[in-house]
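Participant: Can you read through this structure? Questions will come right after.
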Amino acid sequence: MEDNTVISFANVGARYDTDEDVLTDVSFNIGAGSFYFLSGASGAGKTTLLRLMYQLHKPCRGIIKIFGKQTNNMSHDDITALRHKMAIVFQSYSLLSHISVFDNVALPLRVRGVDEAKVKKLVTKTLEWVGLAKFANSNPLSLSGGQQQRVSVARAIIVQPAIMLADEPTGNLDDENASRLMELFIQMNKMFGTTIILATHNSGLMEKYKFPVMHVENHHVNFVGGRGAHEKVVTPKKPTIKTDGAGYFAALSKQFSDIGNE
């Protein structure tokens with residue numbers, strides 16, 4: 001079977017300004033198109049693990065490969081290029097309050113130098129998909145928490161990342177908005193083939209959606225419902241989930257491609 005690894009950790013350790021490891025001897029391979037929950041108690045190391053993947057923190061030992069490329073000694077330019085194929089969503093939304101919802105979502109495209117005509121089309125389609133088209137010109141701080149989180153997801157989706165990392169994105173949301181956000185991630189995974197790792201404390205979400213779990217405990221990462229750390233990479237089978245947005249997302253995916261080819 002062809003190796004489709006997109007994230008690989010080999011005996012990785014991580015620490016901050018103390019001598020104590022936050023993570024110790026972490027080894028695993030994540031296949032393209034996978035969807036994993038990331039669980040663990042507060043302070044267990046979930047955020048550190050995501051930061052290592054997104055190259056916001058360097059390991060104190062071990063080897064990390066993203067898309068088959070070893071990252072330990074990457075230059076700043078190489079890391080920037082790598083992140084162009086990734087996206088991260090934070091619980092705190094991380095929206096810019098001095099610009100509109102539209103401009104927040106457009107930001108990663110403009111940073112990449114995308115033509116403004118394409119930016120307008122892509123942002124409009126993405127805001128329609130997350131149900132926020134009518135708020136395009138609004139200040140993000142005028143929106144509810146659930147709406148602000150959808151803006152942050154739209155900003156991540158807009159670049160069609162190969163890897164999406166989400167750090168407690170449902171933590172500040174009620175059950176209805178948490179479920180709605182989950183449906184957005186699921187459709188992104190199904191239609192775009194995006195590899196998603198979603199950190200959560202919400203046991204209800206994990207029980208409902210049945211994706212395999214990466215569990216962080218005692219400085220180590222264990223897999224529940226997925227393959228072991230050293231097994232051949234196999235993209236886990238996804239549960240069958242019907243969502244109202246599936247048809248629209250398929251159309252959105254095609255429109256993204258059509259706009260990109262103009």
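Labeling convention for the structure tokens: chains A, B, ... as they appear, residues from 1 per chain, ligands from 1 in order of appearance.
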Counting only C-alpha atoms, which residues of range 43-127 of chain A fall within 10 Å of range 157-171 of chain A, and what is the closest atom pair for each with its distance in Å at one decimal, ordered by chain and rising number, as a tab-separated table?
Facilitator:
residue	atom	partner	partner_atom	distance
A:Lys46	CA	A:Asp167	CA	8.1
A:Thr47	CA	A:Asp167	CA	6.6
A:Leu50	CA	A:Leu165	CA	6.7
A:Arg51	CA	A:Leu165	CA	9.2
A:Met53	CA	A:Leu165	CA	8.4
A:Tyr54	CA	A:Leu165	CA	8.0
A:Ile66	CA	A:Ile163	CA	9.7
A:Phe67	CA	A:Ala162	CA	9.4
A:Arg83	CA	A:Pro161	CA	8.8
A:His84	CA	A:Pro161	CA	7.4
A:Lys85	CA	A:Pro161	CA	4.9
A:Met86	CA	A:Pro161	CA	4.8
A:Ala87	CA	A:Met164	CA	4.9
A:Ile88	CA	A:Leu165	CA	4.6
A:Val89	CA	A:Ala166	CA	4.6
A:Phe90	CA	A:Asp167	CA	5.0
A:Gln91	CA	A:Pro169	CA	4.4
A:Ser92	CA	A:Pro169	CA	7.9
A:Tyr93	CA	A:Pro169	CA	8.0
A:Val105	CA	A:Ile158	CA	7.2
A:Ala106	CA	A:Ile158	CA	7.7
A:Leu107	CA	A:Ile158	CA	9.5
A:Pro108	CA	A:Val159	CA	7.1
A:Leu109	CA	A:Val159	CA	6.8
A:Arg112	CA	A:Val159	CA	9.4
A:Val119	CA	A:Ile158	CA	9.3
A:Leu122	CA	A:Ile158	CA	7.0
A:Val123	CA	A:Ile158	CA	7.0
A:Lys125	CA	A:Ile158	CA	9.3
A:Thr126	CA	A:Ile158	CA	6.7
A:Leu127	CA	A:Ile158	CA	9.5
Participant: Okay, now the selection with N, CA and C atoms, as a PDB file, in the first residue's frame?
Facilitator:
ATOM      1  N   LYS A  46      -2.061  18.926  24.681  1.00  0.00           N
ATOM      2  CA  LYS A  46      -2.770  18.950  23.395  1.00  0.00           C
ATOM      3  C   LYS A  46      -2.348  20.140  22.547  1.00  0.00           C
ATOM      4  N   THR A  47      -2.342  21.319  23.144  1.00  0.00           N
ATOM      5  CA  THR A  47      -1.967  22.522  22.400  1.00  0.00           C
ATOM      6  C   THR A  47      -0.514  22.453  21.963  1.00  0.00           C
ATOM      7  N   LEU A  50      -0.294  20.381  18.828  1.00  0.00           N
ATOM      8  CA  LEU A  50      -0.729  21.133  17.652  1.00  0.00           C
ATOM      9  C   LEU A  50       0.305  22.181  17.253  1.00  0.00           C
ATOM     10  N   ARG A  51       0.909  22.824  18.239  1.00  0.00           N
ATOM     11  CA  ARG A  51       1.944  23.821  17.952  1.00  0.00           C
ATOM     12  C   ARG A  51       3.153  23.183  17.270  1.00  0.00           C
ATOM     13  N   MET A  53       3.005  20.550  15.316  1.00  0.00           N
ATOM     14  CA  MET A  53       2.576  20.250  13.949  1.00  0.00           C
ATOM     15  C   MET A  53       2.606  21.490  13.068  1.00  0.00           C
ATOM     16  N   TYR A  54       2.190  22.612  13.621  1.00  0.00           N
ATOM     17  CA  TYR A  54       2.101  23.855  12.844  1.00  0.00           C
ATOM     18  C   TYR A  54       3.410  24.642  12.860  1.00  0.00           C
ATOM     19  N   ILE A  66       6.416  16.819   7.990  1.00  0.00           N
ATOM     20  CA  ILE A  66       5.129  17.252   7.478  1.00  0.00           C
ATOM     21  C   ILE A  66       5.178  17.152   5.958  1.00  0.00           C
ATOM     22  N   PHE A  67       4.216  16.449   5.378  1.00  0.00           N
ATOM     23  CA  PHE A  67       4.230  16.184   3.926  1.00  0.00           C
ATOM     24  C   PHE A  67       5.548  15.535   3.495  1.00  0.00           C
ATOM     25  N   ARG A  83       3.291  26.147   5.819  1.00  0.00           N
ATOM     26  CA  ARG A  83       2.030  26.608   6.427  1.00  0.00           C
ATOM     27  C   ARG A  83       1.002  27.038   5.390  1.00  0.00           C
ATOM     28  N   HIS A  84       1.454  27.345   4.172  1.00  0.00           N
ATOM     29  CA  HIS A  84       0.506  27.695   3.116  1.00  0.00           C
ATOM     30  C   HIS A  84      -0.402  26.525   2.762  1.00  0.00           C
ATOM     31  N   LYS A  85       0.017  25.314   3.163  1.00  0.00           N
ATOM     32  CA  LYS A  85      -0.806  24.127   2.907  1.00  0.00           C
ATOM     33  C   LYS A  85      -1.515  23.649   4.167  1.00  0.00           C
ATOM     34  N   MET A  86      -1.455  24.491   5.216  1.00  0.00           N
ATOM     35  CA  MET A  86      -2.064  24.131   6.486  1.00  0.00           C
ATOM     36  C   MET A  86      -2.922  25.292   6.991  1.00  0.00           C
ATOM     37  N   ALA A  87      -3.760  25.000   7.981  1.00  0.00           N
ATOM     38  CA  ALA A  87      -4.532  26.055   8.629  1.00  0.00           C
ATOM     39  C   ALA A  87      -4.761  25.648  10.075  1.00  0.00           C
ATOM     40  N   ILE A  88      -4.932  26.639  10.934  1.00  0.00           N
ATOM     41  CA  ILE A  88      -5.179  26.363  12.347  1.00  0.00           C
ATOM     42  C   ILE A  88      -6.310  27.267  12.836  1.00  0.00           C
ATOM     43  N   VAL A  89      -7.200  26.690  13.629  1.00  0.00           N
ATOM     44  CA  VAL A  89      -8.348  27.405  14.192  1.00  0.00           C
ATOM     45  C   VAL A  89      -8.221  27.351  15.710  1.00  0.00           C
ATOM     46  N   PHE A  90      -8.324  28.512  16.353  1.00  0.00           N
ATOM     47  CA  PHE A  90      -8.184  28.592  17.792  1.00  0.00           C
ATOM     48  C   PHE A  90      -9.542  28.786  18.463  1.00  0.00           C
ATOM     49  N   GLN A  91      -9.622  28.370  19.724  1.00  0.00           N
ATOM     50  CA  GLN A  91     -10.836  28.573  20.506  1.00  0.00           C
ATOM     51  C   GLN A  91     -11.137  30.058  20.673  1.00  0.00           C
ATOM     52  N   SER A  92     -10.102  30.882  20.698  1.00  0.00           N
ATOM     53  CA  SER A  92     -10.257  32.316  20.943  1.00  0.00           C
ATOM     54  C   SER A  92     -10.620  33.109  19.684  1.00  0.00           C
ATOM     55  N   TYR A  93     -10.845  32.405  18.562  1.00  0.00           N
ATOM     56  CA  TYR A  93     -11.261  32.990  17.279  1.00  0.00           C
ATOM     57  C   TYR A  93     -10.111  33.722  16.577  1.00  0.00           C
ATOM     58  N   VAL A 105     -11.679  37.121   6.459  1.00  0.00           N
ATOM     59  CA  VAL A 105     -11.663  35.875   5.693  1.00  0.00           C
ATOM     60  C   VAL A 105     -10.730  35.993   4.483  1.00  0.00           C
ATOM     61  N   ALA A 106     -10.663  37.193   3.910  1.00  0.00           N
ATOM     62  CA  ALA A 106      -9.836  37.422   2.721  1.00  0.00           C
ATOM     63  C   ALA A 106      -8.339  37.464   3.040  1.00  0.00           C
ATOM     64  N   LEU A 107      -7.990  37.703   4.286  1.00  0.00           N
ATOM     65  CA  LEU A 107      -6.595  37.959   4.663  1.00  0.00           C
ATOM     66  C   LEU A 107      -5.605  36.903   4.163  1.00  0.00           C
ATOM     67  N   PRO A 108      -5.842  35.598   4.391  1.00  0.00           N
ATOM     68  CA  PRO A 108      -4.841  34.619   3.932  1.00  0.00           C
ATOM     69  C   PRO A 108      -4.679  34.578   2.420  1.00  0.00           C
ATOM     70  N   LEU A 109      -5.732  34.908   1.668  1.00  0.00           N
ATOM     71  CA  LEU A 109      -5.611  34.966   0.210  1.00  0.00           C
ATOM     72  C   LEU A 109      -4.770  36.162  -0.209  1.00  0.00           C
ATOM     73  N   ARG A 112      -1.165  35.704   0.235  1.00  0.00           N
ATOM     74  CA  ARG A 112      -0.606  34.858  -0.808  1.00  0.00           C
ATOM     75  C   ARG A 112      -0.573  35.545  -2.169  1.00  0.00           C
ATOM     76  N   VAL A 119     -10.319  36.885  -5.032  1.00  0.00           N
ATOM     77  CA  VAL A 119     -10.543  37.015  -3.592  1.00  0.00           C
ATOM     78  C   VAL A 119     -12.015  37.290  -3.324  1.00  0.00           C
ATOM     79  N   LEU A 122     -14.154  34.084  -4.000  1.00  0.00           N
ATOM     80  CA  LEU A 122     -13.916  33.008  -3.045  1.00  0.00           C
ATOM     81  C   LEU A 122     -14.469  33.346  -1.662  1.00  0.00           C
ATOM     82  N   VAL A 123     -14.244  34.568  -1.212  1.00  0.00           N
ATOM     83  CA  VAL A 123     -14.734  34.972   0.104  1.00  0.00           C
ATOM     84  C   VAL A 123     -16.258  34.977   0.127  1.00  0.00           C
ATOM     85  N   LYS A 125     -18.330  33.147  -1.685  1.00  0.00           N
ATOM     86  CA  LYS A 125     -18.820  31.771  -1.676  1.00  0.00           C
ATOM     87  C   LYS A 125     -18.615  31.125  -0.301  1.00  0.00           C
ATOM     88  N   THR A 126     -17.479  31.380   0.307  1.00  0.00           N
ATOM     89  CA  THR A 126     -17.189  30.766   1.600  1.00  0.00           C
ATOM     90  C   THR A 126     -18.110  31.302   2.689  1.00  0.00           C
ATOM     91  N   LEU A 127     -18.360  32.604   2.698  1.00  0.00           N
ATOM     92  CA  LEU A 127     -19.276  33.175   3.684  1.00  0.00           C
ATOM     93  C   LEU A 127     -20.703  32.672   3.476  1.00  0.00           C
TER      94      LEU A 127
END
Participant: Given only C-alpha atoms as the basis, pick out the residue of A:Ser203, A:Asn104, A:Thr18, A:Asn189 nearest to Ala154 in chain A.
Facilitator: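 Comparing A:Ser203, A:Asn104, A:Thr18, A:Asn189 against Ala154 in chain A, the winner is A:Asn104.
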Participant: Near His220 in chain A, within 7 Å and counting only C-alpha atoms, which residues show up once chain neighbours fewer than 6 positions away are dropped, as a VMD selection string?
Facilitator: chain A and resid 23 to 24 26
Participant: Point out the residue among A:Lys134, A:Leu96, A:Asn177, A:Val221 with the least atom-to-atom distance to Phe9 in chain A, counting only C-alpha atoms.
Facilitator: A:Val221
